[in-house]
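So this block is entry.txt, compact mmCIF, C-alpha atoms and all ligand atoms:
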# COMPACT_ATOMS: atom_id res chain seq x y z
CA MET A 25 0.00 0.00 0.00
CA TYR A 26 0.96 3.67 -0.25
CA THR A 27 -0.05 5.46 2.95
CA TYR A 28 -0.31 9.14 3.88
CA GLU A 29 2.89 8.77 5.95
CA THR A 30 4.75 7.31 2.94
CA LEU A 31 3.56 10.28 0.90
CA CYS A 32 4.77 12.79 3.53
CA SER A 33 8.16 11.08 3.65
CA ASP A 34 8.42 11.08 -0.19
CA ILE A 35 7.52 14.78 -0.34
CA GLY A 36 10.35 15.35 2.17
CA LYS A 37 12.77 13.47 -0.12
CA LEU A 38 11.71 15.61 -3.08
CA GLN A 39 13.13 18.65 -1.26
CA GLN A 40 16.61 17.48 -2.35
CA TYR A 41 15.78 19.15 -5.68
CA GLY A 42 15.76 22.56 -3.98
CA ASP A 43 14.30 25.38 -6.01
CA ILE A 44 12.90 23.11 -8.70
CA ILE A 45 9.94 22.27 -6.51
CA HIS A 46 7.57 24.21 -4.31
CA VAL A 47 5.24 22.47 -1.90
CA LYS A 48 2.20 24.13 -0.41
CA THR A 49 -0.74 22.98 1.66
CA LEU A 50 -3.94 23.06 -0.39
CA CYS A 51 -6.23 22.45 2.60
CA LYS A 52 -6.75 20.49 5.77
CA THR A 53 -9.05 17.53 5.56
CA VAL A 54 -12.04 16.87 7.79
CA LEU A 55 -9.88 14.62 9.99
CA GLY A 56 -6.97 17.07 10.16
CA ARG A 57 -4.50 15.88 7.50
CA GLU A 58 -2.80 18.28 5.14
CA VAL A 59 -3.43 17.92 1.42
CA ASP A 60 -0.26 19.00 -0.33
CA ILE A 61 0.21 20.47 -3.77
CA ILE A 62 3.60 20.26 -5.48
CA LYS A 63 4.50 22.84 -8.11
CA ILE A 64 7.26 22.02 -10.62
CA GLY A 65 8.20 24.26 -13.55
CA ASN A 66 8.27 27.97 -14.23
CA GLY A 67 6.23 28.23 -17.42
CA LYS A 68 2.95 29.94 -18.20
CA LYS A 69 1.08 26.81 -19.35
CA ARG A 70 -0.30 25.14 -16.27
CA VAL A 71 -1.42 21.56 -15.99
CA LEU A 72 -2.95 19.90 -12.96
CA TYR A 73 -2.72 16.21 -12.06
CA VAL A 74 -4.84 14.91 -9.19
CA GLY A 75 -4.55 11.50 -7.52
CA ALA A 76 -6.47 9.50 -4.90
CA HIS A 77 -9.90 11.06 -4.89
CA HIS A 78 -10.82 7.61 -3.60
CA GLY A 79 -9.44 5.72 -0.60
CA MET A 80 -8.71 2.43 -2.32
CA GLU A 81 -6.94 4.15 -5.23
CA TYR A 82 -3.71 5.09 -3.44
CA ILE A 83 -1.65 3.56 -6.26
CA THR A 84 -2.42 6.80 -8.17
CA SER A 85 -0.61 8.77 -5.41
CA ALA A 86 2.46 6.59 -5.86
CA LEU A 87 2.25 7.16 -9.62
CA ILE A 88 2.10 10.95 -9.29
CA MET A 89 5.00 10.95 -6.79
CA ASP A 90 7.11 8.81 -9.14
CA PHE A 91 6.23 11.26 -11.90
CA ALA A 92 7.37 14.13 -9.63
CA PHE A 93 10.72 12.39 -8.97
CA ALA A 94 11.19 11.64 -12.68
CA LEU A 95 10.33 15.22 -13.65
CA CYS A 96 12.71 16.71 -11.06
CA GLY A 97 15.41 14.26 -12.19
CA LEU A 98 14.97 15.36 -15.80
CA ILE A 99 14.88 19.08 -15.08
CA GLY A 100 17.59 19.10 -12.39
CA ARG A 101 20.02 16.45 -13.53
CA GLY A 102 19.12 15.53 -17.09
CA GLU A 103 18.18 11.99 -15.99
CA ASN A 104 15.61 10.09 -18.01
CA ARG A 105 13.26 7.79 -16.05
CA PHE A 106 10.38 8.07 -18.48
CA CYS A 107 10.80 4.67 -20.16
CA ARG A 108 11.06 6.32 -23.62
CA VAL A 109 13.65 8.34 -25.52
CA ILE A 110 13.78 11.97 -24.38
CA ASN A 111 16.02 14.65 -25.80
CA ALA A 112 18.68 15.85 -23.35
CA ALA A 113 17.58 19.48 -23.65
CA SER A 114 13.98 18.63 -22.80
CA GLY A 115 14.30 19.28 -19.08
CA LYS A 116 15.20 22.94 -19.51
CA ARG A 117 12.49 23.50 -22.11
CA ILE A 118 9.84 21.89 -19.94
CA TRP A 119 10.88 23.94 -16.92
CA GLU A 120 10.60 27.17 -18.92
CA LYS A 121 7.38 26.45 -20.79
CA TYR A 122 5.20 24.48 -18.42
CA CYS A 123 4.15 24.39 -14.81
CA PHE A 124 2.95 21.11 -13.33
CA TYR A 125 0.64 21.30 -10.32
CA LEU A 126 0.59 17.87 -8.69
CA ILE A 127 -1.84 16.81 -5.96
CA PRO A 128 -0.82 13.22 -5.32
CA MET A 129 -3.40 12.45 -2.61
CA LEU A 130 -6.56 14.56 -2.51
CA ASN A 131 -8.20 12.24 0.02
CA PRO A 132 -5.62 11.21 2.66
CA ASP A 133 -8.37 10.48 5.24
CA GLY A 134 -10.01 7.99 2.87
CA VAL A 135 -6.66 6.37 2.03
CA THR A 136 -5.92 6.02 5.76
CA ILE A 137 -9.33 4.48 6.51
CA CYS A 138 -8.75 1.97 3.71
CA CYS A 139 -5.12 1.16 4.53
CA GLU A 140 -5.08 1.37 8.32
CA GLY A 141 -8.65 1.53 9.60
CA PRO A 142 -10.82 4.23 11.20
CA GLU A 143 -8.92 4.48 14.49
CA LYS A 144 -5.71 5.48 12.73
CA ALA A 145 -7.71 7.81 10.50
CA LEU A 146 -8.97 9.68 13.59
CA ALA A 147 -5.46 10.07 15.04
CA TYR A 148 -5.15 13.79 14.16
CA CYS A 149 -8.55 14.73 15.65
CA ASP A 150 -9.15 16.29 19.04
CA THR A 151 -11.38 14.47 21.53
CA LYS A 152 -14.58 16.18 20.39
CA GLN A 153 -13.91 15.48 16.69
CA LYS A 154 -12.93 11.90 17.51
CA THR A 155 -16.34 11.32 19.07
CA GLU A 156 -18.21 13.12 16.29
CA TYR A 157 -16.47 11.60 13.27
CA GLY A 158 -16.00 8.23 14.96
CA ARG A 159 -19.79 8.12 15.22
CA VAL A 160 -20.24 9.11 11.56
CA LEU A 161 -17.87 6.37 10.37
CA LYS A 162 -19.52 3.75 12.61
CA LYS A 163 -22.99 4.73 11.40
CA ALA A 164 -21.83 4.61 7.76
CA ALA A 165 -20.51 1.08 8.31
CA GLU A 166 -23.71 -0.05 10.06
CA MET A 167 -26.00 1.33 7.34
CA THR A 168 -23.81 -0.20 4.66
CA LEU A 169 -23.89 -3.60 6.32
CA GLU A 170 -27.65 -3.43 6.61
CA TYR A 171 -28.57 -1.99 3.21
CA GLY A 172 -25.49 -2.53 1.09
CA THR A 173 -24.25 0.24 -1.07
CA GLY A 174 -24.48 0.67 -4.74
CA ASP A 175 -25.33 2.58 -7.84
CA VAL A 176 -28.28 4.91 -7.33
CA THR A 177 -28.84 4.87 -11.09
CA ASP A 178 -29.70 1.18 -10.73
CA ILE A 179 -30.51 0.17 -7.17
CA SER A 180 -30.65 -3.51 -8.09
CA LEU A 181 -26.84 -3.33 -8.28
CA LYS A 182 -25.79 -3.68 -4.66
CA SER A 183 -22.36 -4.24 -3.21
CA ARG A 184 -22.36 -6.44 -0.14
CA PHE A 185 -19.86 -6.37 2.67
CA SER A 186 -19.02 -9.18 5.06
CA SER A 187 -18.12 -7.15 8.16
CA GLU A 188 -17.41 -3.68 9.48
CA LYS A 189 -13.73 -4.28 8.82
CA ASP A 190 -14.57 -5.16 5.22
CA VAL A 191 -16.49 -1.87 4.81
CA PHE A 192 -13.47 0.14 5.96
CA LYS A 193 -11.08 -1.86 3.78
CA LYS A 194 -13.16 -0.87 0.76
CA TRP A 195 -13.52 2.78 1.79
CA GLN A 196 -13.54 5.28 -1.09
CA ALA A 197 -15.12 8.37 0.49
CA ASN A 198 -13.48 11.09 2.58
CA GLY A 199 -13.28 11.21 6.38
CA ARG A 200 -17.00 11.85 6.83
CA GLY A 201 -18.41 9.49 4.23
CA VAL A 202 -18.71 11.84 1.22
CA ASP A 203 -17.50 10.58 -2.15
CA LEU A 204 -15.38 13.49 -3.35
CA ASN A 205 -15.83 12.63 -7.01
CA HIS A 206 -19.60 13.04 -6.65
CA ASN A 207 -19.23 16.34 -4.83
CA TYR A 208 -18.69 18.67 -7.82
CA GLN A 209 -21.32 20.86 -9.44
CA SER A 210 -21.67 19.00 -12.73
CA GLY A 211 -24.69 16.67 -12.65
CA PHE A 212 -24.99 17.12 -8.87
CA ALA A 213 -28.68 18.00 -8.81
CA GLU A 214 -29.67 15.03 -11.00
CA TYR A 215 -27.59 12.71 -8.88
CA LYS A 216 -29.03 14.10 -5.65
CA SER A 217 -32.55 13.44 -6.87
CA LEU A 218 -31.57 9.81 -7.62
CA GLU A 219 -30.13 9.54 -4.11
CA LEU A 220 -33.32 10.91 -2.62
CA LYS A 221 -35.44 8.51 -4.65
CA SER A 222 -33.37 5.51 -3.60
CA GLY A 223 -33.19 6.66 0.03
CA ARG A 224 -29.39 6.66 -0.01
CA ILE A 225 -28.86 9.97 1.72
CA TYR A 226 -26.42 9.03 4.43
CA PRO A 227 -22.60 8.95 4.70
CA SER A 228 -21.26 5.89 3.05
CA PRO A 229 -17.96 4.25 2.02
CA THR A 230 -18.73 5.16 -1.58
CA ARG A 231 -20.98 7.25 -3.83
CA PHE A 232 -22.70 9.55 -1.32
CA SER A 233 -22.56 13.02 -2.90
CA GLY A 234 -22.67 15.18 0.26
CA ALA A 235 -24.91 18.07 1.29
CA TYR A 236 -24.19 20.37 -1.65
CA PRO A 237 -21.52 20.77 -4.38
CA GLU A 238 -18.04 21.47 -2.95
CA SER A 239 -19.30 20.90 0.59
CA GLU A 240 -16.04 19.17 1.51
CA PRO A 241 -12.75 20.97 2.30
CA GLU A 242 -10.88 18.85 -0.27
CA SER A 243 -13.24 19.47 -3.23
CA SER A 244 -13.84 23.09 -2.28
CA ALA A 245 -10.10 23.92 -2.05
CA LEU A 246 -9.41 22.12 -5.32
CA CYS A 247 -12.13 24.05 -7.18
CA SER A 248 -10.87 27.35 -5.72
CA LEU A 249 -7.36 26.51 -6.92
CA ILE A 250 -8.62 25.70 -10.42
CA ARG A 251 -10.71 28.90 -10.58
CA ALA A 252 -7.72 31.00 -9.53
CA SER A 253 -4.92 29.44 -11.54
CA GLU A 254 -5.80 29.23 -15.26
CA VAL A 255 -5.12 25.54 -15.68
CA SER A 256 -5.01 24.41 -19.34
CA LEU A 257 -5.17 20.65 -18.83
CA LEU A 258 -6.54 18.53 -16.01
CA LEU A 259 -5.79 14.86 -15.57
CA THR A 260 -7.44 13.13 -12.67
CA PHE A 261 -6.19 9.66 -11.80
CA HIS A 262 -8.35 6.80 -10.56
CA SER A 263 -8.08 3.03 -10.62
CA GLN A 264 -8.89 0.81 -12.43
CA GLY A 265 -9.67 -0.24 -16.05
CA LYS A 266 -6.93 1.15 -18.35
CA GLU A 267 -9.44 3.65 -19.67
CA LEU A 268 -9.72 7.37 -20.37
CA TYR A 269 -12.88 9.45 -19.91
CA GLY A 270 -13.11 13.04 -20.99
CA ASN A 271 -12.53 15.41 -23.88
CA ASP A 272 -10.39 18.21 -25.26
CA PHE A 273 -12.88 20.92 -26.00
CA PHE A 274 -10.71 22.95 -28.36
CA SER A 275 -12.59 26.13 -29.17
CA GLY A 276 -15.55 25.09 -31.26
CA GLY A 277 -13.85 21.83 -32.11
CA ASN A 278 -14.98 18.60 -30.66
CA THR A 279 -18.43 19.29 -29.34
CA ARG A 280 -19.09 15.74 -30.38
CA ASP A 281 -16.66 14.45 -27.78
CA TYR A 282 -18.23 16.72 -25.23
CA ILE A 283 -21.73 15.41 -25.84
CA PHE A 284 -20.37 11.90 -25.87
CA SER A 285 -18.69 12.00 -22.49
CA ARG A 286 -21.00 14.40 -20.67
CA SER A 287 -24.23 12.55 -21.25
CA GLY A 288 -22.67 9.18 -20.57
CA CYS A 289 -24.29 7.83 -23.69
CA ASP A 290 -24.36 7.94 -27.46
CA PRO A 291 -24.26 11.41 -29.09
CA LEU A 292 -27.19 10.28 -31.22
CA ALA A 293 -29.28 10.82 -28.10
CA GLU A 294 -29.07 14.50 -29.01
CA VAL A 295 -31.17 13.81 -32.10
CA LYS A 296 -34.84 14.36 -31.32
CA GLU A 297 -37.76 12.32 -32.64
CA ASP A 298 -38.87 15.07 -34.97
CA GLY A 299 -35.44 15.02 -36.61
CA THR A 300 -34.00 18.14 -35.00
CA GLY A 301 -30.46 17.72 -33.85
CA VAL A 302 -29.25 15.81 -36.91
CA ASP A 303 -27.79 18.93 -38.40
CA ILE A 304 -26.03 19.86 -35.16
CA LEU A 305 -24.60 16.39 -34.91
CA ARG A 306 -23.31 16.38 -38.50
CA ARG A 307 -21.73 19.80 -38.13
CA THR A 308 -20.03 19.00 -34.87
CA LEU A 309 -18.71 15.73 -36.22
CA ASP A 310 -17.28 17.49 -39.28
CA GLY A 311 -15.81 20.22 -37.11
CA TYR A 312 -14.24 17.65 -34.90
CA ARG A 313 -12.65 15.77 -37.78
CA LEU A 314 -11.29 18.88 -39.46
CA LYS A 315 -9.95 20.82 -36.53
CA ASN A 316 -8.63 18.17 -34.24
CA LYS A 317 -7.18 15.55 -36.49
CA GLU A 318 -3.96 15.06 -34.58
CA ARG A 319 -4.01 17.64 -31.82
CA SER A 320 -6.36 15.94 -29.44
CA VAL A 321 -4.85 15.28 -26.02
CA GLY A 322 -7.26 12.37 -25.73
CA ARG A 323 -6.03 10.73 -28.91
CA PHE A 324 -2.45 11.32 -27.86
CA LEU A 325 -3.02 9.77 -24.41
CA GLU A 326 -4.81 6.85 -26.01
CA LYS A 327 -1.99 6.23 -28.45
CA GLU A 328 0.88 6.66 -26.01
CA SER A 329 -0.61 4.81 -23.03
CA GLY A 330 -2.49 2.08 -24.86
CA TYR A 331 -5.53 2.94 -22.71
CA ALA A 332 -8.93 2.99 -24.40
CA ARG A 333 -11.12 6.08 -24.55
CA SER A 334 -14.45 5.26 -23.02
CA VAL A 335 -17.65 6.75 -21.63
CA PRO A 336 -18.64 6.76 -17.97
CA THR A 337 -21.87 4.94 -17.24
CA GLY A 338 -24.20 4.74 -14.25
CA ALA A 339 -23.22 6.70 -11.15
CA ALA A 340 -19.80 7.55 -12.62
CA ALA A 341 -21.49 9.96 -15.04
CA TYR A 342 -22.51 12.40 -12.25
CA GLY A 343 -20.77 14.93 -10.05
CA GLY A 344 -17.20 14.21 -11.19
CA LEU A 345 -14.30 16.63 -11.38
CA THR A 346 -13.56 16.06 -15.08
CA ASP A 347 -17.09 16.98 -16.18
CA TRP A 348 -17.22 20.02 -13.90
CA TYR A 349 -13.91 21.34 -15.22
CA THR A 350 -14.95 20.84 -18.85
CA GLU A 351 -18.32 22.50 -18.35
CA GLU A 352 -16.90 25.42 -16.42
CA PHE A 353 -13.73 26.12 -18.41
CA ARG A 354 -14.13 24.30 -21.76
CA ARG A 355 -10.59 23.00 -21.73
CA ALA A 356 -9.02 19.56 -21.96
CA ALA A 357 -9.73 17.20 -19.08
CA TYR A 358 -9.43 13.45 -18.73
CA THR A 359 -10.12 10.88 -16.07
CA VAL A 360 -7.39 8.25 -16.30
CA GLU A 361 -8.34 4.85 -14.87
CA VAL A 362 -4.94 3.28 -14.21
CA GLY A 363 -4.12 -0.44 -14.22
CA HIS A 364 -6.51 -3.34 -14.27
CA GLY A 365 -7.86 -5.75 -11.67
CA SER A 366 -9.88 -5.14 -8.53
CA ASN A 367 -9.28 -2.28 -6.11
CA PRO A 368 -7.06 -1.76 -4.30
CA LEU A 369 -4.62 -2.72 -7.04
CA PRO A 370 -1.44 -4.43 -5.81
CA MET A 371 1.56 -2.09 -5.66
CA SER A 372 3.39 -4.62 -7.85
CA MET A 373 1.31 -3.21 -10.74
CA LEU A 374 2.92 0.22 -10.39
CA ASP A 375 5.83 -0.51 -12.75
CA GLU A 376 3.49 -1.46 -15.57
CA ILE A 377 1.35 1.63 -14.93
CA LYS A 378 4.45 3.84 -14.99
CA LYS A 379 5.57 2.30 -18.26
CA ASP A 380 2.22 3.21 -19.80
CA LEU A 381 1.74 6.66 -18.28
CA LEU A 382 4.91 8.50 -17.22
CA TYR A 383 5.81 9.55 -20.74
CA PRO A 384 2.34 10.76 -21.80
CA MET A 385 2.04 12.60 -18.44
CA LEU A 386 5.23 14.47 -19.32
CA THR A 387 4.44 15.19 -22.95
CA ALA A 388 0.63 15.74 -23.06
CA PRO A 389 1.02 19.47 -22.20
CA THR A 390 3.05 19.96 -25.40
CA LEU A 391 -0.18 19.50 -27.36
CA LEU A 392 -1.83 22.49 -25.74
ZN ZN A 401 -11.93 6.58 -8.31
Mind turning this structure into structure tokens?
Ligand SMILES: [Zn+2]
Amino acid sequence: MYTYETLCSDIGKLQQYGDIIHVKTLCKTVLGREVDIIKIGNGKKRVLYVGAHHGMEYITSALIMDFAFALCGLIGRGENRFCRVINAASGKRIWEKYCFYLIPMLNPDGVTICCEGPEKALAYCDTKQKTEYGRVLKKAAEMTLEYGTGDVTDISLKSRFSSEKDVFKKWQANGRGVDLNHNYQSGFAEYKSLELKSGRIYPSPTRFSGAYPESEPESSALCSLIRASEVSLLLTFHSQGKELYGNDFFSGGNTRDYIFSRSGCDPLAEVKEDGTGVDILRRTLDGYRLKNKERSVGRFLEKESGYARSVPTGAAAYGGLTDWYTEEFRRAAYTVEVGHGSNPLPMSMLDEIKKDLLYPMLTAPTLL
């Protein structure tokens, strides 16, 4: 596993690169951990990579930290750890042209609950918070054991858990049972109405959207950062599936991709029964083909990583960061589902994931 403590120690080791990196605290979590953001590069084009929205997906934190070490090695010492050929002068160019904002672990409370259990997760709380949040976590586990948890878009799909320990081992939410990747504005209202209909309106190890969009310190601080910092590309890392969800949204270009990913279904759904919409669809498809033949970040990521571009279905189509960013800013954003297997992925899979992704993570900004 890759715990919060391992992350803190790795961030300490990164300091050996001196002025190349800057580390800041983005926010404090509900249970009192610091969410760190690492800035590398001095350029005007900013890209943001976010890992571990979800507790079981800590392998994405390890990936982003390995990327940070590789990037510092390239910029500072001309070392190449990117598993592909890279020109020796690349480090300097990257430093001058781009700025990478890296948030390796957005949800350290969730990662700690998953890796080390709720007691360890509450270690940074004062006595009052310990009682309050301890109760929330216990209640979430009890409700989950009684009713299961699942996809509110299809309540027949229920996940079952064998014990309280099992619930915590499969914890995806933050320290008070809110799923951060359902806590963004995009699709929130629709999702909330599905939650209300299904009666799933309580803290849970996964998929509870919270009281309102950006209600959590982690999601709220992240959105504030994005609003304030003119990010041109957002990659948000989850596990698993070796898939990419998202779109580029070049000005007026691939509306087709936008419709495709946003609605979680076929773009033909935009065509109405009376025939309206056909023209829009044809024009957007043509525009997409003409303007974005080779420049699409999505196509580039697909080609370089070997991951397949796909469309989120069910609950995954609501309240996510990638959709919110695209709707709000109309710039390139992708959800990258790393590795394959069942969560949490074994850390032994990290080498394969790095082979697929380190190079495209470094070079995707050059398409902007
Ligand atoms: Zn996830």
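The space between CA of Ile45 (chain A) and CA of Ala92 (chain A) spans 9.1 Å.
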Per residue of region 79-157 of chain A within 9 Å of region 250-267 of chain A, which atom pair is closest and at what distance in Å (one decimal), using all atoms listed in the file, listed by chain and increasing number, as JSON lines?
{"residue": "A:Met80", "atom": "CA", "partner": "A:Ser263", "partner_atom": "CA", "distance": 8.3}
{"residue": "A:Glu81", "atom": "CA", "partner": "A:Ser263", "partner_atom": "CA", "distance": 5.6}
{"residue": "A:Tyr82", "atom": "CA", "partner": "A:Ser263", "partner_atom": "CA", "distance": 8.7}
{"residue": "A:Ile83", "atom": "CA", "partner": "A:Ser263", "partner_atom": "CA", "distance": 7.8}
{"residue": "A:Thr84", "atom": "CA", "partner": "A:Phe261", "partner_atom": "CA", "distance": 6.0}
{"residue": "A:Ser85", "atom": "CA", "partner": "A:Phe261", "partner_atom": "CA", "distance": 8.5}
{"residue": "A:Ile88", "atom": "CA", "partner": "A:Phe261", "partner_atom": "CA", "distance": 8.8}
{"residue": "A:Tyr125", "atom": "CA", "partner": "A:Val255", "partner_atom": "CA", "distance": 8.9}
Enumerate, as a list in words, the protein, DNA and RNA residues whose atoms approach (7.2, 8.9, -2.7) to within 6 Å, taking into account all atoms listed in the file and the coordinate frame of the file.
Leu31, Asp34 and Met89 of chain A
Any idea what the distance is between CA of His78 (chain A) and CA of Pro227 (chain A)?
14.5 Å
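The closest residue to Val47 (chain A), picked from A:Gly201, A:Gly363, A:Pro128, A:Gly338 and counting all atoms listed in the file, is A:Pro128.
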Within 12 Å of (-20.5, 11.9, 7.7) (file coordinates; all atoms listed in the file), which protein or nucleic acid residues are there? I'd like them as a ChimeraX atom specification.
/A:54-55,153,156-165,167,197-203,225-230,232-235,239-240
Selected residues written out, C-alpha atoms, as a CSV table (one decimal), in the coordinates of the input:
chain,number,residue,atom,x,y,z
A,54,VAL,CA,-12.0,16.9,7.8
A,55,LEU,CA,-9.9,14.6,10.0
A,153,GLN,CA,-13.9,15.5,16.7
A,156,GLU,CA,-18.2,13.1,16.3
A,157,TYR,CA,-16.5,11.6,13.3
A,158,GLY,CA,-16.0,8.2,15.0
A,159,ARG,CA,-19.8,8.1,15.2
A,160,VAL,CA,-20.2,9.1,11.6
A,161,LEU,CA,-17.9,6.4,10.4
A,162,LYS,CA,-19.5,3.8,12.6
A,163,LYS,CA,-23.0,4.7,11.4
A,164,ALA,CA,-21.8,4.6,7.8
A,165,ALA,CA,-20.5,1.1,8.3
A,167,MET,CA,-26.0,1.3,7.3
A,197,ALA,CA,-15.1,8.4,0.5
A,198,ASN,CA,-13.5,11.1,2.6
A,199,GLY,CA,-13.3,11.2,6.4
A,200,ARG,CA,-17.0,11.8,6.8
A,201,GLY,CA,-18.4,9.5,4.2
A,202,VAL,CA,-18.7,11.8,1.2
A,203,ASP,CA,-17.5,10.6,-2.2
A,225,ILE,CA,-28.9,10.0,1.7
A,226,TYR,CA,-26.4,9.0,4.4
A,227,PRO,CA,-22.6,9.0,4.7
A,228,SER,CA,-21.3,5.9,3.0
A,229,PRO,CA,-18.0,4.2,2.0
A,230,THR,CA,-18.7,5.2,-1.6
A,232,PHE,CA,-22.7,9.6,-1.3
A,233,SER,CA,-22.6,13.0,-2.9
A,234,GLY,CA,-22.7,15.2,0.3
A,235,ALA,CA,-24.9,18.1,1.3
A,239,SER,CA,-19.3,20.9,0.6
A,240,GLU,CA,-16.0,19.2,1.5
Between A:Arg105, A:Lys69, A:Lys193, A:Lys37, which residue has the minimum interatomic distance to Pro142 (chain A), considering only C-alpha atoms?
A:Lys193
Just want the 7 Å neighbourhood of Cys123 (chain A), counted on only C-alpha atoms, with same-chain residues fewer than 6 positions away dropped. Output as a ChimeraX atom specification.
/A:63-71
